Amino acid sequence: MFSNDILNRPLLSDVEVKELLDAAPAIEQNNTRQVSQRARMGEQIASVIGSGSDFAEVRAYHSGDDPRYLDSRATARSQVPLVRTYHSEFSQPVCLLIDRRASMRFATRVRLKVTQALRMAHWLGGREARSGCEISLVILDSPCHWVPAQQGIHALKIRANLANTPCPPLATDSDGPDSNTLEWGKILSGLQQHVAKGSELILLTDWYGLKDSDSKMLRILGQHCTVRAIHISDPSEVSPAFSGSLKLHWAVKNAICQRLKRMYQHS
């Protein structure tokens with residue numbers, strides 16, 4: 001049995017949070033995911049100068065500019081180094097779902113499943129935030145929390161505190177009517193309503209309670225946004241079987257998640 005001191009403390013210390021955020025590398029510029037204007041309905045291409053594909057203007061060369069953007073003809077005419085600049089494109093917004101339901105508050109090793117999910121969320125969130133992406137959060141709990149998208153490491157750290165509160169054990173479905181288990185049908189429907197179209201949705205969950213009847217909603221969600229899933233499990237558990245009707249980008253096939261797996265395999 002865990003002591004009350006352990007049960008009532010945050011899942012991660014300030015030091016652990018800082019280490020995870022600091023360890024997350026930025027996405028390389030040429031690999032940054034871009035989303036088309038059509039996918040982000042109601043938004044316009046930004047007017048700031050960036051590295052997109054739409055030409056903006058020719059301006060004087062500044063120290064640190066990429067020499068590949070030097071405009072040789074304009075430079076020859078003016079006898080002053082000039083570079084071509086472009087309007088920036090939207091980065092694909094990212095939504096992280098952190099499961100804090102009853103089944104995630106379990107472990108036979110050192111850390112609860114929900115703690116591992118939160119560690120991954122900080123690492124992935126730090127990586128995306130450092131690359132300039134907007135990040136929103138969905139926290140499955142009682143009550144659930146929807147945290148709108150915002151940029152920046154500091155904003156991510158503050159907002160993720162909602163998921164870092166203590167996680168004492170809760171009743172599950174098998175324990176009676178006072179369970180803390182949300183039905184996946186309602187969860188998936190809510191995600192479709194809140195997550196912006198064209199976003200990348202990363203699900204950090206054990207998939208407890210997922211039914212075959214939820215496959216239709218999963219397919220619809222997969223058409224609404226890019227869905228990636230990291231299955232959180234304890235060594236004592238049997239992984240759920242999936243029908244394969246929705247092609248999710250599972251952790252075992254994802255280089256980022258492979259790195260995460262190496263980080264946590266001895267935790």
# chains A, B, ... in the order shown; residues from 1 in each chain; ligands from 1
$ select_by_dssp --residues "segment 107-169 of chain A" --states "strand (DSSP E)" --output "list in words"
Ile135, Ser136, Leu137, Val138, Ile139, Leu140, His145, Trp146, Val147, Pro148, Ala149 and Gln150 of chain A
$ closest_residue --among "A:Arg84, A:His154, A:His122, A:Arg219" --to "Ile98 of chain A" --atoms "only C-alpha atoms"
A:His122
$ closest_residue --among "A:Ile158, A:Val138, A:Ala229, A:Pro93" --to "Lys18 of chain A" --atoms "only C-alpha atoms"
A:Ile158
$ residues_around --residues "Glu16 of chain A" --least-positions-apart "2" --cutoff "12 Å" --atoms "only C-alpha atoms" --output "ChimeraX atom specification"
/A:10-14,18-23,115-116,118-120,122-123,157,164
$ closest_residue --among "A:Ile220, A:Val94, A:Ile153, A:Leu182" --to "Leu201 of chain A" --atoms "only C-alpha atoms"
A:Val94
$ residues_around --residues "Leu96 of chain A" --least-positions-apart "3" --cutoff "9 Å" --atoms "only C-alpha atoms" --output "list in words"
Ala121, Leu124, Gly125, Ile135, Ser136, Leu137, Val138, Ile139, Glu200, Leu201, Ile202, Leu203 and Leu204 of chain A
$ write_last_selection --atoms "N, CA and C atoms" --output "PDB file, in the first residue's frame"
ATOM      1  N   ALA A 121       3.925  13.343 -22.195  1.00  0.00           N
ATOM      2  CA  ALA A 121       3.254  14.563 -22.630  1.00  0.00           C
ATOM      3  C   ALA A 121       4.184  15.770 -22.494  1.00  0.00           C
ATOM      4  N   LEU A 124       6.985  15.385 -25.307  1.00  0.00           N
ATOM      5  CA  LEU A 124       6.435  15.685 -26.628  1.00  0.00           C
ATOM      6  C   LEU A 124       5.991  17.145 -26.728  1.00  0.00           C
ATOM      7  N   GLY A 125       5.330  17.624 -25.662  1.00  0.00           N
ATOM      8  CA  GLY A 125       4.880  19.009 -25.662  1.00  0.00           C
ATOM      9  C   GLY A 125       6.039  19.991 -25.726  1.00  0.00           C
ATOM     10  N   ILE A 135      -0.115  24.296 -28.896  1.00  0.00           N
ATOM     11  CA  ILE A 135      -0.425  23.048 -28.202  1.00  0.00           C
ATOM     12  C   ILE A 135      -1.668  23.226 -27.339  1.00  0.00           C
ATOM     13  N   SER A 136      -2.613  22.318 -27.501  1.00  0.00           N
ATOM     14  CA  SER A 136      -3.780  22.275 -26.630  1.00  0.00           C
ATOM     15  C   SER A 136      -3.750  20.969 -25.846  1.00  0.00           C
ATOM     16  N   LEU A 137      -4.494  20.912 -24.762  1.00  0.00           N
ATOM     17  CA  LEU A 137      -4.518  19.724 -23.914  1.00  0.00           C
ATOM     18  C   LEU A 137      -5.948  19.260 -23.675  1.00  0.00           C
ATOM     19  N   VAL A 138      -6.127  17.955 -23.636  1.00  0.00           N
ATOM     20  CA  VAL A 138      -7.367  17.350 -23.170  1.00  0.00           C
ATOM     21  C   VAL A 138      -6.987  16.427 -22.022  1.00  0.00           C
ATOM     22  N   ILE A 139      -7.581  16.661 -20.857  1.00  0.00           N
ATOM     23  CA  ILE A 139      -7.261  15.867 -19.669  1.00  0.00           C
ATOM     24  C   ILE A 139      -8.506  15.100 -19.258  1.00  0.00           C
ATOM     25  N   GLU A 200      -2.872  17.672 -35.209  1.00  0.00           N
ATOM     26  CA  GLU A 200      -2.331  16.358 -34.863  1.00  0.00           C
ATOM     27  C   GLU A 200      -2.771  16.058 -33.437  1.00  0.00           C
ATOM     28  N   LEU A 201      -3.446  14.952 -33.258  1.00  0.00           N
ATOM     29  CA  LEU A 201      -3.940  14.534 -31.947  1.00  0.00           C
ATOM     30  C   LEU A 201      -3.109  13.360 -31.465  1.00  0.00           C
ATOM     31  N   ILE A 202      -2.489  13.507 -30.297  1.00  0.00           N
ATOM     32  CA  ILE A 202      -1.667  12.440 -29.718  1.00  0.00           C
ATOM     33  C   ILE A 202      -2.361  11.939 -28.456  1.00  0.00           C
ATOM     34  N   LEU A 203      -2.760  10.677 -28.463  1.00  0.00           N
ATOM     35  CA  LEU A 203      -3.509  10.073 -27.368  1.00  0.00           C
ATOM     36  C   LEU A 203      -2.566   9.287 -26.459  1.00  0.00           C
ATOM     37  N   LEU A 204      -2.493   9.672 -25.192  1.00  0.00           N
ATOM     38  CA  LEU A 204      -1.672   8.987 -24.193  1.00  0.00           C
ATOM     39  C   LEU A 204      -2.622   8.285 -23.230  1.00  0.00           C
TER      40      LEU A 204
END
$ atom_distance --atom1 "atom CA of Met217 of chain A" --atom2 "atom CA of Leu188 of chain A"
6.5 Å
$ select_by_dssp --residues "segment 58-234 of chain A" --states "helix (DSSP H, G or I)" --output "PyMOL selection string"
chain A and resi 67-69+72-78+102-104+113-130+153-163+173-175+184-194+212-224
$ closest_residue --among "A:Arg101, A:Asn161, A:Val195, A:Trp184" --to "Ser213 of chain A" --atoms "only C-alpha atoms"
A:Trp184
$ residues_around --residues "Leu70 of chain A" --least-positions-apart "6" --cutoff "10 Å" --atoms "only C-alpha atoms" --output "number ranges by chain"
A: 58-61, 81-85
$ write_last_selection --atoms "C-alpha atoms" --output "PDB file, in the first residue's frame"
ATOM      1  CA  VAL A  58      13.088  41.425 -51.463  1.00  0.00           C
ATOM      2  CA  ARG A  59      14.943  43.102 -48.618  1.00  0.00           C
ATOM      3  CA  ALA A  60      18.500  43.863 -47.504  1.00  0.00           C
ATOM      4  CA  TYR A  61      20.604  40.943 -46.308  1.00  0.00           C
ATOM      5  CA  PRO A  81      23.140  42.091 -50.966  1.00  0.00           C
ATOM      6  CA  LEU A  82      19.405  41.386 -51.125  1.00  0.00           C
ATOM      7  CA  VAL A  83      17.431  38.305 -50.100  1.00  0.00           C
ATOM      8  CA  ARG A  84      14.056  36.970 -51.129  1.00  0.00           C
ATOM      9  CA  THR A  85      11.627  36.482 -48.213  1.00  0.00           C
TER      10      THR A  85
END
$ atom_distance --atom1 "atom CA of Lys216 of chain A" --atom2 "atom CA of Ile187 of chain A"
13.1 Å
